[in-house]
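Take a look at the structure set out below.
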Amino acid sequence: MKKLVIFDLDGTLLNTIADLAAATNQALQHYGYPTHDTEAYRFFVGNGINKLFERALPEGERTEENVLKIRSRFVPYYDEHNADLSCPYPGIPELLSVLQQEEIMLAVASNKYQAATRKLIAHYFPAINFVEVLGQREGIPAKPDPSIVHDIIAKAGVKKEEVLYVGDSNVDMQTAHNAGVTAVGVAWGFRPRTELEALHPAYIIEKAAELLSLLY
């Protein structure tokens, strides 16, 4: 039986794409760069915000200096507006409640920066007791590096075979494989199902409640 479920955040627990798009577009606009449709951001996110800005900038403008300029405008805006348009995916609040009642440990492993990750989890899931909520931290490599998963497993005190890792992208599936834990892809997230299938996760689920049958 599984004892710990680790969730990705964006595209897995929460649909955050509209707020990420709005915050990035206001920063791009401020510096005179072209903006993008919300849908385009589905393929910009997943590797941390610096990579998001690099992808959103015009091809000839993707310097470290410009990425940091966009970041300096993005972070204060996003910190204030990150819950304007975001919401949990259907069935997620109910799933987390059931898992908690079943005494399954829960955790979050995100490439979103740490402050925003913790703020969003506290805002949308105040009644859920997560064993750990980790975002992108200074000096710790981003997913698909498995360090974030190893840190959570150490905190939870479980074995790798007792863990499900749940996410919506190729980055998540690679993270699970690199960490040696069971990968579960969710088909409701930012990326197409084919992207998940290419990484051969143990499972792909269409609805949140389907996760319950994978615990045993």
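Chain lettering (A, B, ...) mirrors the order of the structure tokens, residue numbering begins at 1 for each chain separately, and ligand numbering begins at 1 in order of display.
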
Subject >> Polymer residues at most 8 Å from region 95-108 of chain A, only C-alpha atoms, same-chain spacing of 3 or more positions, as a list of chain:residue names >> reply: A:Lys2, A:Lys3, A:Leu4, A:Val5, A:Ile6, A:Phe7, A:Asp8, A:Leu9, A:Gly91, A:Ile92, A:Ile128, A:Asn129, A:Phe130, A:Val131, A:Glu132, A:Val133, A:Leu134, A:Gly135, A:Ile152, A:Ala156, A:Ala208, A:Ala209, A:Leu212

Write the residues you've just listed into a file as an mmCIF file, in the first residue's frame, and include N, CA, C and O atoms for each of them.
data_model
loop_
_atom_site.group_PDB
_atom_site.id
_atom_site.type_symbol
_atom_site.label_atom_id
_atom_site.label_comp_id
_atom_site.auth_asym_id
_atom_site.auth_seq_id
_atom_site.Cartn_x
_atom_site.Cartn_y
_atom_site.Cartn_z
ATOM 1 N N LYS A 2 0.421 2.265 -0.722
ATOM 2 C CA LYS A 2 1.154 3.530 -0.749
ATOM 3 C C LYS A 2 0.878 4.322 0.534
ATOM 4 O O LYS A 2 -0.233 4.320 1.054
ATOM 5 N N LYS A 3 1.907 4.996 1.023
ATOM 6 C CA LYS A 3 1.775 5.781 2.253
ATOM 7 C C LYS A 3 1.884 7.282 2.018
ATOM 8 O O LYS A 3 1.509 8.081 2.875
ATOM 9 N N LEU A 4 2.443 7.668 0.859
ATOM 10 C CA LEU A 4 2.680 9.084 0.564
ATOM 11 C C LEU A 4 2.328 9.370 -0.894
ATOM 12 O O LEU A 4 2.743 8.638 -1.785
ATOM 13 N N VAL A 5 1.551 10.442 -1.116
ATOM 14 C CA VAL A 5 1.273 10.916 -2.474
ATOM 15 C C VAL A 5 1.862 12.320 -2.603
ATOM 16 O O VAL A 5 1.512 13.223 -1.835
ATOM 17 N N ILE A 6 2.770 12.481 -3.565
ATOM 18 C CA ILE A 6 3.387 13.781 -3.843
ATOM 19 C C ILE A 6 2.743 14.347 -5.104
ATOM 20 O O ILE A 6 2.725 13.692 -6.144
ATOM 21 N N PHE A 7 2.214 15.562 -4.998
ATOM 22 C CA PHE A 7 1.559 16.210 -6.128
ATOM 23 C C PHE A 7 2.401 17.355 -6.678
ATOM 24 O O PHE A 7 2.937 18.158 -5.912
ATOM 25 N N ASP A 8 2.453 17.454 -7.993
ATOM 26 C CA ASP A 8 2.841 18.695 -8.647
ATOM 27 C C ASP A 8 1.723 19.710 -8.352
ATOM 28 O O ASP A 8 0.615 19.326 -7.969
ATOM 29 N N LEU A 9 1.990 21.001 -8.537
ATOM 30 C CA LEU A 9 0.983 22.026 -8.241
ATOM 31 C C LEU A 9 0.278 22.520 -9.510
ATOM 32 O O LEU A 9 -0.891 22.209 -9.747
ATOM 33 N N GLY A 91 -12.785 17.803 -8.527
ATOM 34 C CA GLY A 91 -12.542 16.607 -7.730
ATOM 35 C C GLY A 91 -11.306 16.646 -6.859
ATOM 36 O O GLY A 91 -11.120 15.768 -6.009
ATOM 37 N N ILE A 92 -10.443 17.653 -7.030
ATOM 38 C CA ILE A 92 -9.193 17.696 -6.257
ATOM 39 C C ILE A 92 -9.442 17.948 -4.764
ATOM 40 O O ILE A 92 -8.892 17.226 -3.919
ATOM 41 N N ILE A 128 -6.162 20.909 4.671
ATOM 42 C CA ILE A 128 -5.330 19.733 4.390
ATOM 43 C C ILE A 128 -3.971 19.892 5.065
ATOM 44 O O ILE A 128 -3.311 20.918 4.923
ATOM 45 N N ASN A 129 -3.563 18.853 5.771
ATOM 46 C CA ASN A 129 -2.268 18.866 6.473
ATOM 47 C C ASN A 129 -1.211 18.176 5.597
ATOM 48 O O ASN A 129 -1.107 16.950 5.612
ATOM 49 N N PHE A 130 -0.490 18.951 4.841
ATOM 50 C CA PHE A 130 0.579 18.397 3.996
ATOM 51 C C PHE A 130 1.822 18.154 4.841
ATOM 52 O O PHE A 130 2.207 19.007 5.652
ATOM 53 N N VAL A 131 2.464 17.001 4.617
ATOM 54 C CA VAL A 131 3.687 16.693 5.360
ATOM 55 C C VAL A 131 4.816 17.630 4.929
ATOM 56 O O VAL A 131 5.692 17.976 5.723
ATOM 57 N N GLU A 132 4.767 18.090 3.666
ATOM 58 C CA GLU A 132 5.750 19.054 3.163
ATOM 59 C C GLU A 132 5.193 19.731 1.921
ATOM 60 O O GLU A 132 4.492 19.102 1.117
ATOM 61 N N VAL A 133 5.478 21.022 1.764
ATOM 62 C CA VAL A 133 5.111 21.783 0.572
ATOM 63 C C VAL A 133 6.376 22.486 0.099
ATOM 64 O O VAL A 133 6.848 23.427 0.726
ATOM 65 N N LEU A 134 6.930 22.008 -1.016
ATOM 66 C CA LEU A 134 8.188 22.554 -1.522
ATOM 67 C C LEU A 134 8.020 23.099 -2.923
ATOM 68 O O LEU A 134 7.430 22.455 -3.798
ATOM 69 N N GLY A 135 8.554 24.298 -3.126
ATOM 70 C CA GLY A 135 8.659 24.884 -4.457
ATOM 71 C C GLY A 135 10.123 24.995 -4.838
ATOM 72 O O GLY A 135 10.994 24.341 -4.260
ATOM 73 N N ILE A 152 11.365 15.313 0.308
ATOM 74 C CA ILE A 152 10.026 15.011 0.839
ATOM 75 C C ILE A 152 9.982 13.604 1.417
ATOM 76 O O ILE A 152 9.430 13.384 2.508
ATOM 77 N N ALA A 156 9.052 12.524 5.222
ATOM 78 C CA ALA A 156 7.923 11.626 5.499
ATOM 79 C C ALA A 156 8.355 10.313 6.141
ATOM 80 O O ALA A 156 7.557 9.649 6.801
ATOM 81 N N ALA A 208 -9.797 12.882 -10.937
ATOM 82 C CA ALA A 208 -9.076 12.876 -9.663
ATOM 83 C C ALA A 208 -9.385 11.630 -8.835
ATOM 84 O O ALA A 208 -8.484 11.017 -8.255
ATOM 85 N N ALA A 209 -10.643 11.220 -8.788
ATOM 86 C CA ALA A 209 -11.047 10.096 -7.940
ATOM 87 C C ALA A 209 -10.375 8.773 -8.346
ATOM 88 O O ALA A 209 -10.262 7.854 -7.527
ATOM 89 N N LEU A 212 -7.538 7.008 -6.204
ATOM 90 C CA LEU A 212 -7.776 6.204 -4.986
ATOM 91 C C LEU A 212 -7.518 4.721 -5.226
ATOM 92 O O LEU A 212 -7.000 4.030 -4.358
#

Give the strand (DSSP E or B) residues of region 58-212 of chain A, as assigned by DSSP on the backbone, as a CSV table (one decimal) with all heavy atoms, in the first residue's frame.
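Output saved as part04.csv:
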chain,number,residue,atom,x,y,z
A,87,CYS,N,-7.9,28.1,-9.8
A,87,CYS,CA,-8.9,27.3,-9.1
A,87,CYS,C,-8.5,25.9,-9.1
A,87,CYS,O,-7.7,25.4,-10.0
A,87,CYS,CB,-10.3,27.5,-9.6
A,87,CYS,SG,-10.4,26.9,-11.4
A,88,PRO,N,-8.9,25.1,-8.1
A,88,PRO,CA,-8.6,23.7,-8.1
A,88,PRO,C,-9.3,23.0,-9.2
A,88,PRO,O,-10.4,23.4,-9.7
A,88,PRO,CB,-9.2,23.2,-6.7
A,88,PRO,CG,-9.3,24.4,-5.9
A,88,PRO,CD,-9.6,25.5,-6.9
A,105,MET,N,-0.2,10.2,3.7
A,105,MET,CA,0.5,11.4,3.8
A,105,MET,C,0.5,12.1,2.4
A,105,MET,O,0.5,11.5,1.4
A,105,MET,CB,2.0,11.2,4.2
A,105,MET,CG,2.1,10.8,5.7
A,105,MET,SD,3.8,10.7,6.2
A,105,MET,CE,4.2,9.0,5.7
A,106,LEU,N,0.4,13.5,2.5
A,106,LEU,CA,0.3,14.3,1.3
A,106,LEU,C,1.5,15.3,1.2
A,106,LEU,O,1.9,15.8,2.3
A,106,LEU,CB,-1.0,15.0,1.2
A,106,LEU,CG,-2.2,14.1,1.3
A,106,LEU,CD1,-3.5,15.0,1.5
A,106,LEU,CD2,-2.4,13.3,0.1
A,107,ALA,N,2.0,15.6,0.0
A,107,ALA,CA,3.0,16.6,-0.1
A,107,ALA,C,2.9,17.2,-1.5
A,107,ALA,O,2.2,16.7,-2.4
A,107,ALA,CB,4.4,15.9,0.0
A,108,VAL,N,3.6,18.4,-1.7
A,108,VAL,CA,3.6,19.1,-2.9
A,108,VAL,C,5.1,19.3,-3.3
A,108,VAL,O,5.9,19.7,-2.5
A,108,VAL,CB,2.9,20.5,-2.8
A,108,VAL,CG1,3.0,21.3,-4.1
A,108,VAL,CG2,1.4,20.3,-2.5
A,109,ALA,N,5.4,19.1,-4.6
A,109,ALA,CA,6.7,19.3,-5.2
A,109,ALA,C,6.5,20.1,-6.5
A,109,ALA,O,6.0,19.6,-7.5
A,109,ALA,CB,7.4,18.0,-5.5
A,110,SER,N,6.8,21.4,-6.4
A,110,SER,CA,6.6,22.3,-7.5
A,110,SER,C,7.8,23.0,-8.0
A,110,SER,O,8.8,23.2,-7.2
A,110,SER,CB,5.5,23.3,-7.1
A,110,SER,OG,5.3,24.3,-8.2
A,111,ASN,N,7.9,23.4,-9.3
A,111,ASN,CA,8.9,24.2,-9.8
A,111,ASN,C,8.5,25.7,-9.7
A,111,ASN,O,9.3,26.6,-10.1
A,111,ASN,CB,9.3,23.9,-11.3
A,111,ASN,CG,10.3,22.8,-11.3
A,111,ASN,OD1,11.0,22.5,-10.4
A,111,ASN,ND2,10.5,22.2,-12.5
A,112,LYS,N,7.4,26.0,-9.1
A,112,LYS,CA,7.0,27.4,-8.8
A,112,LYS,C,7.8,27.8,-7.6
A,112,LYS,O,8.1,27.0,-6.8
A,112,LYS,CB,5.5,27.5,-8.5
A,112,LYS,CG,5.0,28.9,-8.3
A,112,LYS,CD,3.6,28.9,-7.7
A,112,LYS,CE,2.5,28.4,-8.7
A,112,LYS,NZ,2.4,29.3,-9.9
A,113,TYR,N,8.2,29.1,-7.6
A,113,TYR,CA,9.1,29.6,-6.5
A,113,TYR,C,8.4,29.4,-5.1
A,113,TYR,O,7.1,29.3,-5.0
A,113,TYR,CB,9.5,31.0,-6.7
A,113,TYR,CG,8.5,32.1,-6.7
A,113,TYR,CD1,8.2,32.9,-5.6
A,113,TYR,CD2,7.8,32.3,-7.9
A,113,TYR,CE1,7.2,33.9,-5.7
A,113,TYR,CE2,6.8,33.3,-8.0
A,113,TYR,CZ,6.5,34.1,-6.9
A,113,TYR,OH,5.5,35.1,-6.9
A,132,GLU,N,4.8,18.1,3.7
A,132,GLU,CA,5.8,19.1,3.2
A,132,GLU,C,5.2,19.7,1.9
A,132,GLU,O,4.5,19.1,1.1
A,132,GLU,CB,7.1,18.3,2.8
A,132,GLU,CG,8.2,19.3,2.4
A,132,GLU,CD,8.6,20.2,3.6
A,132,GLU,OE1,8.0,21.2,3.7
A,132,GLU,OE2,9.7,19.9,4.2
A,133,VAL,N,5.5,21.0,1.8
A,133,VAL,CA,5.1,21.8,0.6
A,133,VAL,C,6.4,22.5,0.1
A,133,VAL,O,6.8,23.4,0.7
A,133,VAL,CB,4.0,22.8,0.9
A,133,VAL,CG1,3.7,23.7,-0.4
A,133,VAL,CG2,2.7,22.1,1.3
A,134,LEU,N,6.9,22.0,-1.0
A,134,LEU,CA,8.2,22.6,-1.5
A,134,LEU,C,8.0,23.1,-2.9
A,134,LEU,O,7.4,22.5,-3.8
A,134,LEU,CB,9.3,21.5,-1.5
A,134,LEU,CG,9.7,20.9,-0.2
A,134,LEU,CD1,10.8,19.9,-0.3
A,134,LEU,CD2,10.2,22.1,0.7
A,135,GLY,N,8.6,24.3,-3.1
A,135,GLY,CA,8.7,24.9,-4.5
A,135,GLY,C,10.1,25.0,-4.8
A,135,GLY,O,11.0,24.3,-4.3
A,136,GLN,N,10.4,25.9,-5.8
A,136,GLN,CA,11.8,26.1,-6.3
A,136,GLN,C,12.5,26.9,-5.2
A,136,GLN,O,12.1,28.0,-4.8
A,136,GLN,CB,11.7,26.9,-7.6
A,136,GLN,CG,13.1,27.3,-8.1
A,136,GLN,CD,13.9,26.2,-8.7
A,136,GLN,OE1,13.6,25.7,-9.7
A,136,GLN,NE2,14.9,25.8,-8.0
A,163,VAL,N,5.5,5.3,-2.5
A,163,VAL,CA,5.2,6.7,-2.9
A,163,VAL,C,4.6,6.7,-4.3
A,163,VAL,O,5.0,6.0,-5.2
A,163,VAL,CB,6.5,7.5,-3.0
A,163,VAL,CG1,6.2,9.0,-3.5
A,163,VAL,CG2,7.2,7.6,-1.6
A,164,LEU,N,3.5,7.5,-4.5
A,164,LEU,CA,3.0,7.9,-5.8
A,164,LEU,C,3.4,9.4,-6.1
A,164,LEU,O,3.2,10.2,-5.2
A,164,LEU,CB,1.5,7.8,-5.8
A,164,LEU,CG,0.8,6.5,-5.8
A,164,LEU,CD1,-0.7,6.6,-5.9
A,164,LEU,CD2,1.3,5.6,-6.9
A,165,TYR,N,3.9,9.6,-7.3
A,165,TYR,CA,4.2,11.0,-7.7
A,165,TYR,C,3.2,11.3,-8.8
A,165,TYR,O,3.2,10.7,-9.8
A,165,TYR,CB,5.6,11.2,-8.1
A,165,TYR,CG,5.9,12.6,-8.6
A,165,TYR,CD1,6.5,13.5,-7.7
A,165,TYR,CD2,5.6,13.0,-9.9
A,165,TYR,CE1,6.7,14.8,-8.1
A,165,TYR,CE2,5.8,14.3,-10.3
A,165,TYR,CZ,6.3,15.2,-9.4
A,165,TYR,OH,6.5,16.5,-9.8
A,166,VAL,N,2.5,12.4,-8.6
A,166,VAL,CA,1.4,12.8,-9.5
A,166,VAL,C,1.6,14.1,-10.2
A,166,VAL,O,1.9,15.1,-9.5
A,166,VAL,CB,0.0,12.8,-8.7
A,166,VAL,CG1,-1.1,13.1,-9.7
A,166,VAL,CG2,-0.2,11.6,-7.9
A,167,GLY,N,1.6,14.1,-11.6
A,167,GLY,CA,1.9,15.4,-12.3
A,167,GLY,C,1.3,15.3,-13.7
A,167,GLY,O,0.8,14.3,-14.1
A,182,THR,N,6.8,5.7,-8.2
A,182,THR,CA,5.7,5.4,-9.2
A,182,THR,C,5.2,6.7,-9.8
A,182,THR,O,4.7,7.5,-9.0
A,182,THR,CB,4.6,4.6,-8.5
A,182,THR,OG1,5.2,3.4,-8.0
A,182,THR,CG2,3.5,4.2,-9.5
A,183,ALA,N,5.2,6.8,-11.1
A,183,ALA,CA,4.7,8.0,-11.8
A,183,ALA,C,3.2,7.8,-12.2
A,183,ALA,O,2.8,6.8,-12.7
A,183,ALA,CB,5.5,8.2,-13.0
A,184,VAL,N,2.4,8.9,-11.8
A,184,VAL,CA,1.0,8.9,-12.2
A,184,VAL,C,0.8,10.2,-13.0
A,184,VAL,O,1.0,11.3,-12.5
A,184,VAL,CB,0.1,8.9,-11.0
A,184,VAL,CG1,-1.4,8.9,-11.5
A,184,VAL,CG2,0.3,7.7,-10.1
A,185,GLY,N,0.5,10.1,-14.3
A,185,GLY,CA,0.2,11.3,-15.1
A,185,GLY,C,-1.3,11.6,-15.0
A,185,GLY,O,-2.2,10.7,-15.0
A,186,VAL,N,-1.6,12.9,-15.0
A,186,VAL,CA,-3.0,13.4,-15.0
A,186,VAL,C,-3.3,14.0,-16.4
A,186,VAL,O,-2.5,14.8,-16.9
A,186,VAL,CB,-3.3,14.3,-13.9
A,186,VAL,CG1,-2.9,13.7,-12.5
A,186,VAL,CG2,-2.6,15.7,-14.0
A,203,TYR,N,0.8,4.9,-14.6
A,203,TYR,CA,-0.6,5.1,-14.8
A,203,TYR,C,-0.9,6.5,-15.4
A,203,TYR,O,-0.1,7.4,-15.2
A,203,TYR,CB,-1.4,5.1,-13.4
A,203,TYR,CG,-1.1,3.9,-12.6
A,203,TYR,CD1,-0.2,4.0,-11.5
A,203,TYR,CD2,-1.8,2.7,-12.8
A,203,TYR,CE1,0.1,2.9,-10.7
A,203,TYR,CE2,-1.5,1.6,-12.0
A,203,TYR,CZ,-0.6,1.7,-11.0
A,203,TYR,OH,-0.3,0.6,-10.2
A,204,ILE,N,-2.0,6.6,-16.1
A,204,ILE,CA,-2.5,8.0,-16.5
A,204,ILE,C,-4.0,8.0,-16.1
A,204,ILE,O,-4.7,7.0,-16.5
A,204,ILE,CB,-2.4,8.2,-18.1
A,204,ILE,CG1,-0.9,8.2,-18.5
A,204,ILE,CG2,-3.0,9.5,-18.4
A,204,ILE,CD1,-0.7,8.4,-20.0
A,205,ILE,N,-4.4,9.0,-15.4
A,205,ILE,CA,-5.8,9.1,-15.0
A,205,ILE,C,-6.5,10.3,-15.6
A,205,ILE,O,-5.9,11.3,-15.9
A,205,ILE,CB,-5.9,9.1,-13.4
A,205,ILE,CG1,-5.1,10.3,-12.8
A,205,ILE,CG2,-5.4,7.8,-12.8
A,205,ILE,CD1,-5.3,10.5,-11.3

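Counting only C-alpha atoms, the residue from A:Ile49, A:Val181, A:Ala22, A:Leu68 that sits nearest to Arg137 (chain A) is A:Ile49.
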
Name all residues at most 8 Å from Asn47 (chain A) (count only C-alpha atoms; drop same-chain ones fewer than 4 positions away) and give them as a compact mmCIF listing (two decimals) with N, CA and C atoms, in the first residue's frame.
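Below is the file selection-v6.txt, written as the result:
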# COMPACT_ATOMS: atom_id res chain seq x y z
N LYS A 51 12.73 30.06 -16.65
CA LYS A 51 12.55 29.40 -17.95
C LYS A 51 11.25 29.87 -18.61
N LEU A 52 10.22 30.11 -17.82
CA LEU A 52 8.97 30.68 -18.34
C LEU A 52 9.24 32.01 -19.05
N ASN A 111 7.86 23.38 -9.29
CA ASN A 111 8.92 24.24 -9.80
C ASN A 111 8.54 25.72 -9.70
N ALA A 142 16.01 22.43 -10.00
CA ALA A 142 14.59 22.28 -10.33
C ALA A 142 14.30 20.87 -10.83
N LYS A 143 13.04 20.46 -10.76
CA LYS A 143 12.62 19.23 -11.42
C LYS A 143 12.93 19.36 -12.92
N VAL A 171 8.06 16.86 -17.52
CA VAL A 171 8.97 17.18 -16.41
C VAL A 171 8.62 16.34 -15.19

**OP:** Check the DSSP output for the backbone and give back, as a ChimeraX atom specification, the residues of region 40-183 of chain A in helix (DSSP H, G or I).
**Re:** /A:40-43,49-56,59-61,64-81,92-101,114-124,147-156,160-162,170-179
